[in-house]
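*Asks:* Structure file work.txt, compact mmCIF, N, CA and C atoms, is pasted below:
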# COMPACT_ATOMS: atom_id res chain seq x y z
N GLY A 1 0.81 -1.19 0.00
CA GLY A 1 0.00 0.00 0.00
C GLY A 1 0.85 1.25 0.00
N THR A 2 0.18 2.36 -0.06
CA THR A 2 0.84 3.65 -0.06
C THR A 2 0.97 4.16 1.37
N GLN A 3 2.09 4.74 1.68
CA GLN A 3 2.35 5.28 3.01
C GLN A 3 2.38 6.80 2.92
N ASP A 4 1.81 7.48 3.89
CA ASP A 4 1.84 8.93 3.94
C ASP A 4 2.75 9.38 5.08
N PHE A 5 3.56 10.37 4.80
CA PHE A 5 4.45 10.93 5.79
C PHE A 5 4.27 12.44 5.81
N LYS A 6 4.48 13.04 6.96
CA LYS A 6 4.42 14.49 7.08
C LYS A 6 5.78 14.96 7.57
N TRP A 7 6.41 15.84 6.79
CA TRP A 7 7.72 16.36 7.16
C TRP A 7 7.52 17.67 7.93
N ILE A 8 8.29 17.81 9.00
CA ILE A 8 8.23 19.01 9.82
C ILE A 8 9.65 19.55 9.95
N ARG A 9 9.78 20.86 9.80
CA ARG A 9 11.10 21.47 9.99
C ARG A 9 11.48 21.41 11.45
N ILE A 10 12.71 21.07 11.71
CA ILE A 10 13.15 20.88 13.09
C ILE A 10 13.15 22.19 13.87
N ASN A 11 13.33 23.32 13.18
CA ASN A 11 13.36 24.60 13.89
C ASN A 11 11.97 25.02 14.38
N VAL A 12 10.91 24.33 13.96
CA VAL A 12 9.56 24.63 14.39
C VAL A 12 9.22 23.89 15.69
N ILE A 13 9.90 22.81 15.96
CA ILE A 13 9.63 21.99 17.15
C ILE A 13 10.23 22.68 18.37
N ARG A 14 9.37 22.94 19.37
CA ARG A 14 9.84 23.60 20.59
C ARG A 14 10.11 22.60 21.71
N GLU A 15 9.27 21.57 21.78
CA GLU A 15 9.37 20.64 22.89
C GLU A 15 8.85 19.28 22.45
N VAL A 16 9.46 18.23 22.98
CA VAL A 16 9.01 16.87 22.70
C VAL A 16 8.74 16.20 24.05
N LYS A 17 7.52 15.66 24.21
CA LYS A 17 7.15 14.98 25.45
C LYS A 17 6.77 13.54 25.13
N SER A 18 7.14 12.65 26.00
CA SER A 18 6.77 11.26 25.86
C SER A 18 5.42 11.06 26.54
N LEU A 19 4.52 10.37 25.87
CA LEU A 19 3.19 10.12 26.41
C LEU A 19 3.13 8.82 27.21
N GLY A 20 4.23 8.14 27.36
CA GLY A 20 4.26 6.91 28.11
C GLY A 20 5.54 6.16 27.81
N PRO A 21 5.67 4.99 28.42
CA PRO A 21 6.88 4.21 28.17
C PRO A 21 6.93 3.72 26.72
N ILE A 22 8.12 3.46 26.26
CA ILE A 22 8.32 2.98 24.89
C ILE A 22 7.74 1.57 24.77
N LYS A 23 6.92 1.38 23.73
CA LYS A 23 6.35 0.06 23.50
C LYS A 23 7.28 -0.71 22.56
N PRO A 24 7.44 -2.00 22.82
CA PRO A 24 8.31 -2.78 21.93
C PRO A 24 7.70 -2.84 20.52
N GLN A 25 8.55 -2.76 19.53
CA GLN A 25 8.12 -2.77 18.12
C GLN A 25 7.84 -4.21 17.71
N THR A 26 6.56 -4.52 17.53
CA THR A 26 6.19 -5.87 17.10
C THR A 26 5.93 -5.92 15.60
N GLU A 27 5.55 -4.79 15.03
CA GLU A 27 5.28 -4.73 13.60
C GLU A 27 6.55 -4.40 12.85
N GLN A 28 6.74 -5.07 11.74
CA GLN A 28 7.87 -4.74 10.89
C GLN A 28 7.42 -3.72 9.86
N LEU A 29 8.34 -2.86 9.51
CA LEU A 29 8.04 -1.90 8.46
C LEU A 29 7.90 -2.62 7.13
N PRO A 30 7.04 -2.11 6.25
CA PRO A 30 6.89 -2.78 4.96
C PRO A 30 8.19 -2.68 4.15
N PRO A 31 8.43 -3.68 3.31
CA PRO A 31 9.66 -3.63 2.50
C PRO A 31 9.58 -2.49 1.47
N ILE A 32 10.73 -1.96 1.13
CA ILE A 32 10.80 -0.87 0.17
C ILE A 32 11.27 -1.43 -1.17
N ASP A 33 10.51 -1.14 -2.21
CA ASP A 33 10.87 -1.59 -3.55
C ASP A 33 11.71 -0.49 -4.21
N LEU A 34 13.02 -0.65 -4.18
CA LEU A 34 13.91 0.37 -4.71
C LEU A 34 13.74 0.56 -6.21
N ALA A 35 13.41 -0.49 -6.92
CA ALA A 35 13.20 -0.38 -8.38
C ALA A 35 11.98 0.51 -8.66
N GLN A 36 10.93 0.34 -7.86
CA GLN A 36 9.73 1.16 -8.05
C GLN A 36 10.02 2.62 -7.72
N ILE A 37 10.80 2.85 -6.69
CA ILE A 37 11.16 4.22 -6.31
C ILE A 37 11.98 4.87 -7.43
N ALA A 38 12.93 4.14 -7.98
CA ALA A 38 13.75 4.67 -9.07
C ALA A 38 12.90 4.96 -10.30
N GLU A 39 11.94 4.09 -10.58
CA GLU A 39 11.04 4.28 -11.73
C GLU A 39 10.18 5.53 -11.53
N ARG A 40 9.63 5.70 -10.34
CA ARG A 40 8.81 6.88 -10.06
C ARG A 40 9.63 8.15 -10.13
N ALA A 41 10.87 8.10 -9.66
CA ALA A 41 11.75 9.27 -9.72
C ALA A 41 12.07 9.62 -11.17
N ALA A 42 12.33 8.60 -12.00
CA ALA A 42 12.62 8.83 -13.41
C ALA A 42 11.41 9.43 -14.13
N GLU A 43 10.22 8.92 -13.80
CA GLU A 43 8.99 9.47 -14.40
C GLU A 43 8.79 10.93 -14.00
N ALA A 44 9.02 11.23 -12.74
CA ALA A 44 8.86 12.61 -12.26
C ALA A 44 9.88 13.54 -12.93
N GLU A 45 11.10 13.04 -13.11
CA GLU A 45 12.13 13.85 -13.76
C GLU A 45 11.79 14.09 -15.23
N ALA A 46 11.30 13.06 -15.91
CA ALA A 46 10.91 13.22 -17.32
C ALA A 46 9.75 14.20 -17.45
N LYS A 47 8.81 14.14 -16.52
CA LYS A 47 7.67 15.06 -16.54
C LYS A 47 8.14 16.50 -16.32
N ALA A 48 9.08 16.69 -15.38
CA ALA A 48 9.61 18.02 -15.11
C ALA A 48 10.37 18.57 -16.32
N GLU A 49 11.14 17.71 -16.98
CA GLU A 49 11.87 18.13 -18.18
C GLU A 49 10.92 18.52 -19.29
N LYS A 50 9.84 17.76 -19.45
CA LYS A 50 8.84 18.07 -20.47
C LYS A 50 8.17 19.41 -20.19
N LEU A 51 7.82 19.65 -18.93
CA LEU A 51 7.21 20.93 -18.56
C LEU A 51 8.17 22.09 -18.81
N ALA A 52 9.45 21.88 -18.50
CA ALA A 52 10.44 22.94 -18.72
C ALA A 52 10.64 23.21 -20.20
N SER A 53 10.61 22.17 -21.02
CA SER A 53 10.81 22.36 -22.46
C SER A 53 9.61 23.03 -23.12
N ASN A 54 8.47 23.02 -22.46
CA ASN A 54 7.28 23.68 -23.00
C ASN A 54 7.28 25.19 -22.77
N GLN A 55 8.20 25.67 -21.97
CA GLN A 55 8.28 27.11 -21.70
C GLN A 55 9.26 27.75 -22.67
N GLY A 56 8.75 28.67 -23.48
CA GLY A 56 9.60 29.38 -24.43
C GLY A 56 10.47 30.38 -23.71
N VAL A 57 11.70 30.54 -24.19
CA VAL A 57 12.64 31.49 -23.58
C VAL A 57 12.68 32.74 -24.44
N GLY A 58 12.36 33.88 -23.84
CA GLY A 58 12.40 35.14 -24.56
C GLY A 58 11.26 35.31 -25.55
N VAL A 59 10.13 34.66 -25.30
CA VAL A 59 8.98 34.77 -26.21
C VAL A 59 7.88 35.61 -25.56
N THR A 60 7.00 36.12 -26.38
CA THR A 60 5.90 36.94 -25.87
C THR A 60 4.85 36.07 -25.19
N GLN A 61 3.96 36.72 -24.48
CA GLN A 61 2.87 36.00 -23.83
C GLN A 61 1.98 35.34 -24.87
N LEU A 62 1.74 36.05 -25.98
CA LEU A 62 0.92 35.48 -27.06
C LEU A 62 1.56 34.21 -27.60
N ALA A 63 2.87 34.24 -27.80
CA ALA A 63 3.57 33.06 -28.32
C ALA A 63 3.40 31.87 -27.37
N GLN A 64 3.54 32.12 -26.07
CA GLN A 64 3.40 31.03 -25.10
C GLN A 64 1.97 30.52 -25.07
N GLU A 65 1.00 31.42 -25.18
CA GLU A 65 -0.40 31.00 -25.19
C GLU A 65 -0.72 30.17 -26.43
N VAL A 66 -0.17 30.57 -27.58
CA VAL A 66 -0.37 29.81 -28.81
C VAL A 66 0.25 28.43 -28.66
N PHE A 67 1.47 28.37 -28.13
CA PHE A 67 2.15 27.10 -27.92
C PHE A 67 1.34 26.20 -27.00
N ASP A 68 0.88 26.75 -25.88
CA ASP A 68 0.10 25.96 -24.92
C ASP A 68 -1.17 25.43 -25.55
N PHE A 69 -1.84 26.25 -26.35
CA PHE A 69 -3.08 25.83 -27.01
C PHE A 69 -2.81 24.70 -27.99
N LEU A 70 -1.79 24.87 -28.83
CA LEU A 70 -1.47 23.84 -29.83
C LEU A 70 -0.99 22.55 -29.19
N SER A 71 -0.23 22.67 -28.10
CA SER A 71 0.36 21.47 -27.49
C SER A 71 -0.66 20.62 -26.76
N LYS A 72 -1.88 21.13 -26.58
CA LYS A 72 -2.92 20.31 -25.95
C LYS A 72 -3.31 19.14 -26.84
N THR A 73 -3.25 19.34 -28.15
CA THR A 73 -3.69 18.29 -29.08
C THR A 73 -2.61 17.87 -30.06
N MET A 74 -1.48 18.58 -30.10
CA MET A 74 -0.43 18.28 -31.07
C MET A 74 0.92 18.26 -30.38
N ASP A 75 1.87 17.58 -31.01
CA ASP A 75 3.23 17.52 -30.50
C ASP A 75 3.96 18.77 -30.95
N CYS A 76 4.33 19.64 -30.01
CA CYS A 76 4.96 20.91 -30.33
C CYS A 76 6.29 21.04 -29.60
N SER A 77 7.18 21.85 -30.17
CA SER A 77 8.44 22.17 -29.52
C SER A 77 8.87 23.57 -29.94
N TRP A 78 9.82 24.11 -29.21
CA TRP A 78 10.35 25.44 -29.50
C TRP A 78 11.63 25.30 -30.30
N ASP A 79 11.83 26.18 -31.27
CA ASP A 79 13.10 26.35 -31.97
C ASP A 79 13.41 27.84 -31.89
N LYS A 80 14.12 28.22 -30.83
CA LYS A 80 14.34 29.63 -30.47
C LYS A 80 12.97 30.29 -30.26
N GLU A 81 12.56 31.22 -31.14
CA GLU A 81 11.26 31.88 -30.96
C GLU A 81 10.19 31.28 -31.87
N ASP A 82 10.54 30.27 -32.65
CA ASP A 82 9.58 29.63 -33.54
C ASP A 82 8.96 28.42 -32.88
N ILE A 83 7.70 28.17 -33.22
CA ILE A 83 7.01 26.99 -32.72
C ILE A 83 7.04 25.95 -33.85
N ILE A 84 7.45 24.74 -33.53
CA ILE A 84 7.45 23.64 -34.49
C ILE A 84 6.34 22.69 -34.06
N CYS A 85 5.40 22.46 -34.96
CA CYS A 85 4.24 21.63 -34.66
C CYS A 85 4.02 20.67 -35.83
N PHE A 86 4.29 19.39 -35.62
CA PHE A 86 4.17 18.38 -36.67
C PHE A 86 4.92 18.78 -37.94
N GLY A 87 6.11 19.36 -37.79
CA GLY A 87 6.90 19.75 -38.95
C GLY A 87 6.51 21.09 -39.55
N VAL A 88 5.52 21.76 -38.97
CA VAL A 88 5.09 23.07 -39.44
C VAL A 88 5.75 24.12 -38.54
N ARG A 89 6.40 25.10 -39.16
CA ARG A 89 7.07 26.17 -38.42
C ARG A 89 6.14 27.37 -38.35
N ILE A 90 5.93 27.88 -37.13
CA ILE A 90 5.11 29.07 -36.92
C ILE A 90 6.03 30.16 -36.40
N LYS A 91 6.22 31.21 -37.20
CA LYS A 91 7.12 32.31 -36.84
C LYS A 91 6.32 33.49 -36.31
N LYS A 92 7.06 34.46 -35.77
CA LYS A 92 6.41 35.71 -35.35
C LYS A 92 5.67 36.27 -36.54
N PRO A 93 4.54 36.83 -36.41
CA PRO A 93 3.74 37.18 -35.24
C PRO A 93 2.77 36.08 -34.83
N TYR A 94 3.08 34.80 -35.16
CA TYR A 94 2.27 33.66 -34.75
C TYR A 94 0.84 33.75 -35.30
N SER A 95 0.76 34.04 -36.58
CA SER A 95 -0.53 34.11 -37.26
C SER A 95 -0.61 32.97 -38.27
N VAL A 96 -1.78 32.78 -38.84
CA VAL A 96 -1.99 31.73 -39.84
C VAL A 96 -1.06 31.96 -41.03
N GLU A 97 -0.82 33.22 -41.38
CA GLU A 97 0.03 33.55 -42.53
C GLU A 97 1.51 33.26 -42.26
N SER A 98 1.90 33.17 -40.99
CA SER A 98 3.31 32.95 -40.67
C SER A 98 3.66 31.47 -40.53
N CYS A 99 2.76 30.58 -40.95
CA CYS A 99 2.99 29.13 -40.91
C CYS A 99 3.64 28.67 -42.21
N SER A 100 4.59 27.76 -42.10
CA SER A 100 5.21 27.19 -43.30
C SER A 100 5.54 25.73 -43.03
N GLY A 101 5.39 24.93 -44.07
CA GLY A 101 5.69 23.50 -43.96
C GLY A 101 5.54 22.84 -45.29
N GLU A 102 6.15 21.67 -45.45
CA GLU A 102 6.13 20.97 -46.74
C GLU A 102 4.87 20.16 -46.95
N ASN A 103 4.38 19.50 -45.90
CA ASN A 103 3.19 18.65 -46.02
C ASN A 103 1.95 19.55 -45.95
N GLN A 104 1.25 19.67 -47.08
CA GLN A 104 0.11 20.58 -47.16
C GLN A 104 -1.04 20.16 -46.25
N GLU A 105 -1.22 18.86 -46.06
CA GLU A 105 -2.30 18.37 -45.20
C GLU A 105 -2.04 18.76 -43.74
N THR A 106 -0.82 18.54 -43.30
CA THR A 106 -0.44 18.90 -41.93
C THR A 106 -0.48 20.41 -41.75
N LEU A 107 0.01 21.14 -42.74
CA LEU A 107 -0.01 22.60 -42.70
C LEU A 107 -1.43 23.13 -42.54
N ALA A 108 -2.37 22.55 -43.30
CA ALA A 108 -3.77 22.98 -43.22
C ALA A 108 -4.34 22.68 -41.83
N ARG A 109 -3.99 21.54 -41.26
CA ARG A 109 -4.49 21.16 -39.93
C ARG A 109 -3.97 22.12 -38.86
N VAL A 110 -2.68 22.40 -38.89
CA VAL A 110 -2.08 23.30 -37.91
C VAL A 110 -2.68 24.70 -38.05
N LYS A 111 -2.85 25.16 -39.29
CA LYS A 111 -3.44 26.48 -39.52
C LYS A 111 -4.85 26.56 -38.95
N LYS A 112 -5.61 25.48 -39.12
CA LYS A 112 -6.99 25.45 -38.63
C LYS A 112 -7.03 25.56 -37.10
N VAL A 113 -6.17 24.81 -36.43
CA VAL A 113 -6.13 24.84 -34.97
C VAL A 113 -5.62 26.20 -34.49
N LEU A 114 -4.61 26.74 -35.18
CA LEU A 114 -4.08 28.06 -34.83
C LEU A 114 -5.14 29.13 -35.00
N GLU A 115 -5.92 29.02 -36.05
CA GLU A 115 -7.00 29.98 -36.29
C GLU A 115 -8.01 29.95 -35.14
N LYS A 116 -8.35 28.76 -34.67
CA LYS A 116 -9.28 28.65 -33.53
C LYS A 116 -8.68 29.28 -32.29
N CYS A 117 -7.39 29.09 -32.09
CA CYS A 117 -6.70 29.68 -30.94
C CYS A 117 -6.77 31.20 -31.01
N LEU A 118 -6.48 31.76 -32.17
CA LEU A 118 -6.44 33.22 -32.32
C LEU A 118 -7.83 33.83 -32.27
N GLU A 119 -8.87 33.07 -32.64
CA GLU A 119 -10.24 33.57 -32.53
C GLU A 119 -10.61 33.84 -31.08
N LYS A 120 -10.08 33.03 -30.18
CA LYS A 120 -10.40 33.17 -28.76
C LYS A 120 -9.66 34.33 -28.11
N LYS A 121 -8.60 34.81 -28.76
CA LYS A 121 -7.79 35.89 -28.22
C LYS A 121 -8.38 37.24 -28.63
N PRO A 122 -8.46 38.18 -27.70
CA PRO A 122 -8.90 39.52 -28.09
C PRO A 122 -7.81 40.19 -28.94
N PRO A 123 -8.18 41.10 -29.83
CA PRO A 123 -7.18 41.75 -30.66
C PRO A 123 -6.22 42.56 -29.79
N PRO A 124 -4.93 42.63 -30.19
CA PRO A 124 -3.97 43.35 -29.37
C PRO A 124 -4.30 44.84 -29.31
N LYS A 125 -4.05 45.43 -28.15
CA LYS A 125 -4.32 46.85 -27.95
C LYS A 125 -3.16 47.67 -28.56
N LYS A 126 -3.52 48.71 -29.26
CA LYS A 126 -2.49 49.58 -29.84
C LYS A 126 -2.29 50.78 -28.92
N PRO A 127 -1.04 51.13 -28.67
CA PRO A 127 -0.78 52.25 -27.75
C PRO A 127 -1.15 53.59 -28.35
Please rewrite the model in this file as structure tokens.

*Replies:*
Amino acid sequence: GTQDFKWIRINVIREVKSLGPIKPQTEQLPPIDLAQIAERAAEAEAKAEKLASNQGVGVTQLAQEVFDFLSKTMDCSWDKEDIICFGVRIKKPYSVESCSGENQETLARVKKVLEKCLEKKPPPKKP
């Protein structure tokens, strides 16, 4: 089964009192499966790396929102400030017209999803 533990910082503890004499330990602790722990740690690390790779560096909020929207249903990655989605490159200003790719079917699909994303966004405010 799953075990729950609560960690407490030692600097928070002011006093420790015994509520009675120490009882002999009759129960053994459950065995620890080190392979399972290593597997869970590797999964958590892979998930953290994936989350980190989904964050664009030096990109606008719109670019990140477009990436997040597309990555919900498609495999996307960053190439500097460009979004790569199924082999389709989306450059600044991240509009349907800024998409390029060799496979016309994939290009049309990405453009359609991007168009839906941009429809939900209010037009940018001009200063």

*Asks:* Report as a list in words all protein, DNA and RNA residues lying within 8 Å of Ala63 of chain A, evaluated on all atoms listed in the file, omitting residues in the same chain fewer than 5 positions from it.

*Replies:*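 In the requested format, the answer is Gly56, Asp68, Phe69, Glu81, Pro93 and Tyr94 of chain A.
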
*Asks:* Taking 5 positions as the minimum chain separation for residues in the same chain, which residues sit within 7 Å of Trp78 of chain A when counting all atoms listed in the file? Answer as a PyMOL selection string.

*Replies:* chain A and resi 53-54+56+83-84

*Asks:* What's the 7 Å shell around segment 100-105 of chain A, counting only C-alpha atoms, without same-chain residues fewer than 6 positions away, as a list in words?

*Replies:*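 Once the adjacent positions are removed, what remains is Gly87, Val88, Arg89 and Ile90 of chain A.
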
*Asks:* Could you give me, as number ranges by chain, each residue of chain A that DSSP assigns to strand (DSSP E or B) when run on this structure's backbone?

*Replies:* A: 76-79, 82-85, 88-90, 99-100

*Asks:* Using only N, CA and C atoms, find the one residue out of A:Leu34, A:Ala42, A:Leu118, A:Met74 that sits nearest to Ser95 of chain A.

*Replies:* A:Leu118

*Asks:* Would you return as an mmCIF file with N, CA and C atoms, keeping the file's coordinate frame the members of chain A that DSSP assigns to alpha helix (DSSP H) on this structure's backbone?

*Replies:*
data_model
loop_
_atom_site.group_PDB
_atom_site.id
_atom_site.type_symbol
_atom_site.label_atom_id
_atom_site.label_comp_id
_atom_site.auth_asym_id
_atom_site.auth_seq_id
_atom_site.Cartn_x
_atom_site.Cartn_y
_atom_site.Cartn_z
ATOM 1 N N LEU A 34 13.020 -0.650 -4.180
ATOM 2 C CA LEU A 34 13.910 0.370 -4.710
ATOM 3 C C LEU A 34 13.740 0.560 -6.210
ATOM 4 N N ALA A 35 13.410 -0.490 -6.920
ATOM 5 C CA ALA A 35 13.200 -0.380 -8.380
ATOM 6 C C ALA A 35 11.980 0.510 -8.660
ATOM 7 N N GLN A 36 10.930 0.340 -7.860
ATOM 8 C CA GLN A 36 9.730 1.160 -8.050
ATOM 9 C C GLN A 36 10.020 2.620 -7.720
ATOM 10 N N ILE A 37 10.800 2.850 -6.690
ATOM 11 C CA ILE A 37 11.160 4.220 -6.310
ATOM 12 C C ILE A 37 11.980 4.870 -7.430
ATOM 13 N N ALA A 38 12.930 4.140 -7.980
ATOM 14 C CA ALA A 38 13.750 4.670 -9.070
ATOM 15 C C ALA A 38 12.900 4.960 -10.300
ATOM 16 N N GLU A 39 11.940 4.090 -10.580
ATOM 17 C CA GLU A 39 11.040 4.280 -11.730
ATOM 18 C C GLU A 39 10.180 5.530 -11.530
ATOM 19 N N ARG A 40 9.630 5.700 -10.340
ATOM 20 C CA ARG A 40 8.810 6.880 -10.060
ATOM 21 C C ARG A 40 9.630 8.150 -10.130
ATOM 22 N N ALA A 41 10.870 8.100 -9.660
ATOM 23 C CA ALA A 41 11.750 9.270 -9.720
ATOM 24 C C ALA A 41 12.070 9.620 -11.170
ATOM 25 N N ALA A 42 12.330 8.600 -12.000
ATOM 26 C CA ALA A 42 12.620 8.830 -13.410
ATOM 27 C C ALA A 42 11.410 9.430 -14.130
ATOM 28 N N GLU A 43 10.220 8.920 -13.800
ATOM 29 C CA GLU A 43 8.990 9.470 -14.400
ATOM 30 C C GLU A 43 8.790 10.930 -14.000
ATOM 31 N N ALA A 44 9.020 11.230 -12.740
ATOM 32 C CA ALA A 44 8.860 12.610 -12.260
ATOM 33 C C ALA A 44 9.880 13.540 -12.930
ATOM 34 N N GLU A 45 11.100 13.040 -13.110
ATOM 35 C CA GLU A 45 12.130 13.850 -13.760
ATOM 36 C C GLU A 45 11.790 14.090 -15.230
ATOM 37 N N ALA A 46 11.300 13.060 -15.910
ATOM 38 C CA ALA A 46 10.910 13.220 -17.320
ATOM 39 C C ALA A 46 9.750 14.200 -17.450
ATOM 40 N N LYS A 47 8.810 14.140 -16.520
ATOM 41 C CA LYS A 47 7.670 15.060 -16.540
ATOM 42 C C LYS A 47 8.140 16.500 -16.320
ATOM 43 N N ALA A 48 9.080 16.690 -15.380
ATOM 44 C CA ALA A 48 9.610 18.020 -15.110
ATOM 45 C C ALA A 48 10.370 18.570 -16.320
ATOM 46 N N GLU A 49 11.140 17.710 -16.980
ATOM 47 C CA GLU A 49 11.870 18.130 -18.180
ATOM 48 C C GLU A 49 10.920 18.520 -19.290
ATOM 49 N N LYS A 50 9.840 17.760 -19.450
ATOM 50 C CA LYS A 50 8.840 18.070 -20.470
ATOM 51 C C LYS A 50 8.170 19.410 -20.190
ATOM 52 N N LEU A 51 7.820 19.650 -18.930
ATOM 53 C CA LEU A 51 7.210 20.930 -18.560
ATOM 54 C C LEU A 51 8.170 22.090 -18.810
ATOM 55 N N ALA A 52 9.450 21.880 -18.500
ATOM 56 C CA ALA A 52 10.440 22.940 -18.720
ATOM 57 C C ALA A 52 10.640 23.210 -20.200
ATOM 58 N N SER A 53 10.610 22.170 -21.020
ATOM 59 C CA SER A 53 10.810 22.360 -22.460
ATOM 60 C C SER A 53 9.610 23.030 -23.120
ATOM 61 N N GLN A 61 3.960 36.720 -24.480
ATOM 62 C CA GLN A 61 2.870 36.000 -23.830
ATOM 63 C C GLN A 61 1.980 35.340 -24.870
ATOM 64 N N LEU A 62 1.740 36.050 -25.980
ATOM 65 C CA LEU A 62 0.920 35.480 -27.060
ATOM 66 C C LEU A 62 1.560 34.210 -27.600
ATOM 67 N N ALA A 63 2.870 34.240 -27.800
ATOM 68 C CA ALA A 63 3.570 33.060 -28.320
ATOM 69 C C ALA A 63 3.400 31.870 -27.370
ATOM 70 N N GLN A 64 3.540 32.120 -26.070
ATOM 71 C CA GLN A 64 3.400 31.030 -25.100
ATOM 72 C C GLN A 64 1.970 30.520 -25.070
ATOM 73 N N GLU A 65 1.000 31.420 -25.180
ATOM 74 C CA GLU A 65 -0.400 31.000 -25.190
ATOM 75 C C GLU A 65 -0.720 30.170 -26.430
ATOM 76 N N VAL A 66 -0.170 30.570 -27.580
ATOM 77 C CA VAL A 66 -0.370 29.810 -28.810
ATOM 78 C C VAL A 66 0.250 28.430 -28.660
ATOM 79 N N PHE A 67 1.470 28.370 -28.130
ATOM 80 C CA PHE A 67 2.150 27.100 -27.920
ATOM 81 C C PHE A 67 1.340 26.200 -27.000
ATOM 82 N N ASP A 68 0.880 26.750 -25.880
ATOM 83 C CA ASP A 68 0.100 25.960 -24.920
ATOM 84 C C ASP A 68 -1.170 25.430 -25.550
ATOM 85 N N PHE A 69 -1.840 26.250 -26.350
ATOM 86 C CA PHE A 69 -3.080 25.830 -27.010
ATOM 87 C C PHE A 69 -2.810 24.700 -27.990
ATOM 88 N N LEU A 70 -1.790 24.870 -28.830
ATOM 89 C CA LEU A 70 -1.470 23.840 -29.830
ATOM 90 C C LEU A 70 -0.990 22.550 -29.190
ATOM 91 N N SER A 71 -0.230 22.670 -28.100
ATOM 92 C CA SER A 71 0.360 21.470 -27.490
ATOM 93 C C SER A 71 -0.660 20.620 -26.760
ATOM 94 N N GLN A 104 1.250 19.670 -47.080
ATOM 95 C CA GLN A 104 0.110 20.580 -47.160
ATOM 96 C C GLN A 104 -1.040 20.160 -46.250
ATOM 97 N N GLU A 105 -1.220 18.860 -46.060
ATOM 98 C CA GLU A 105 -2.300 18.370 -45.200
ATOM 99 C C GLU A 105 -2.040 18.760 -43.740
ATOM 100 N N THR A 106 -0.820 18.540 -43.300
ATOM 101 C CA THR A 106 -0.440 18.900 -41.930
ATOM 102 C C THR A 106 -0.480 20.410 -41.750
ATOM 103 N N LEU A 107 0.010 21.140 -42.740
ATOM 104 C CA LEU A 107 -0.010 22.600 -42.700
ATOM 105 C C LEU A 107 -1.430 23.130 -42.540
ATOM 106 N N ALA A 108 -2.370 22.550 -43.300
ATOM 107 C CA ALA A 108 -3.770 22.980 -43.220
ATOM 108 C C ALA A 108 -4.340 22.680 -41.830
ATOM 109 N N ARG A 109 -3.990 21.540 -41.260
ATOM 110 C CA ARG A 109 -4.490 21.160 -39.930
ATOM 111 C C ARG A 109 -3.970 22.120 -38.860
ATOM 112 N N VAL A 110 -2.680 22.400 -38.890
ATOM 113 C CA VAL A 110 -2.080 23.300 -37.910
ATOM 114 C C VAL A 110 -2.680 24.700 -38.050
ATOM 115 N N LYS A 111 -2.850 25.160 -39.290
ATOM 116 C CA LYS A 111 -3.440 26.480 -39.520
ATOM 117 C C LYS A 111 -4.850 26.560 -38.950
ATOM 118 N N LYS A 112 -5.610 25.480 -39.120
ATOM 119 C CA LYS A 112 -6.990 25.450 -38.630
ATOM 120 C C LYS A 112 -7.030 25.560 -37.100
ATOM 121 N N VAL A 113 -6.170 24.810 -36.430
ATOM 122 C CA VAL A 113 -6.130 24.840 -34.970
ATOM 123 C C VAL A 113 -5.620 26.200 -34.490
ATOM 124 N N LEU A 114 -4.610 26.740 -35.180
ATOM 125 C CA LEU A 114 -4.080 28.060 -34.830
ATOM 126 C C LEU A 114 -5.140 29.130 -35.000
ATOM 127 N N GLU A 115 -5.920 29.020 -36.050
ATOM 128 C CA GLU A 115 -7.000 29.980 -36.290
ATOM 129 C C GLU A 115 -8.010 29.950 -35.140
ATOM 130 N N LYS A 116 -8.350 28.760 -34.670
ATOM 131 C CA LYS A 116 -9.280 28.650 -33.530
ATOM 132 C C LYS A 116 -8.680 29.280 -32.290
ATOM 133 N N CYS A 117 -7.390 29.090 -32.090
ATOM 134 C CA CYS A 117 -6.700 29.680 -30.940
ATOM 135 C C CYS A 117 -6.770 31.200 -31.010
ATOM 136 N N LEU A 118 -6.480 31.760 -32.170
ATOM 137 C CA LEU A 118 -6.440 33.220 -32.320
ATOM 138 C C LEU A 118 -7.830 33.830 -32.270
ATOM 139 N N GLU A 119 -8.870 33.070 -32.640
ATOM 140 C CA GLU A 119 -10.240 33.570 -32.530
ATOM 141 C C GLU A 119 -10.610 33.840 -31.080
ATOM 142 N N LYS A 120 -10.080 33.030 -30.180
ATOM 143 C CA LYS A 120 -10.400 33.170 -28.760
ATOM 144 C C LYS A 120 -9.660 34.330 -28.110
#

*Asks:* If I take atom CA of Asp82 of chain A and atom CA of Gln55 of chain A, how far is one from the other in Å, to one decimal?

*Replies:* 12.2 Å
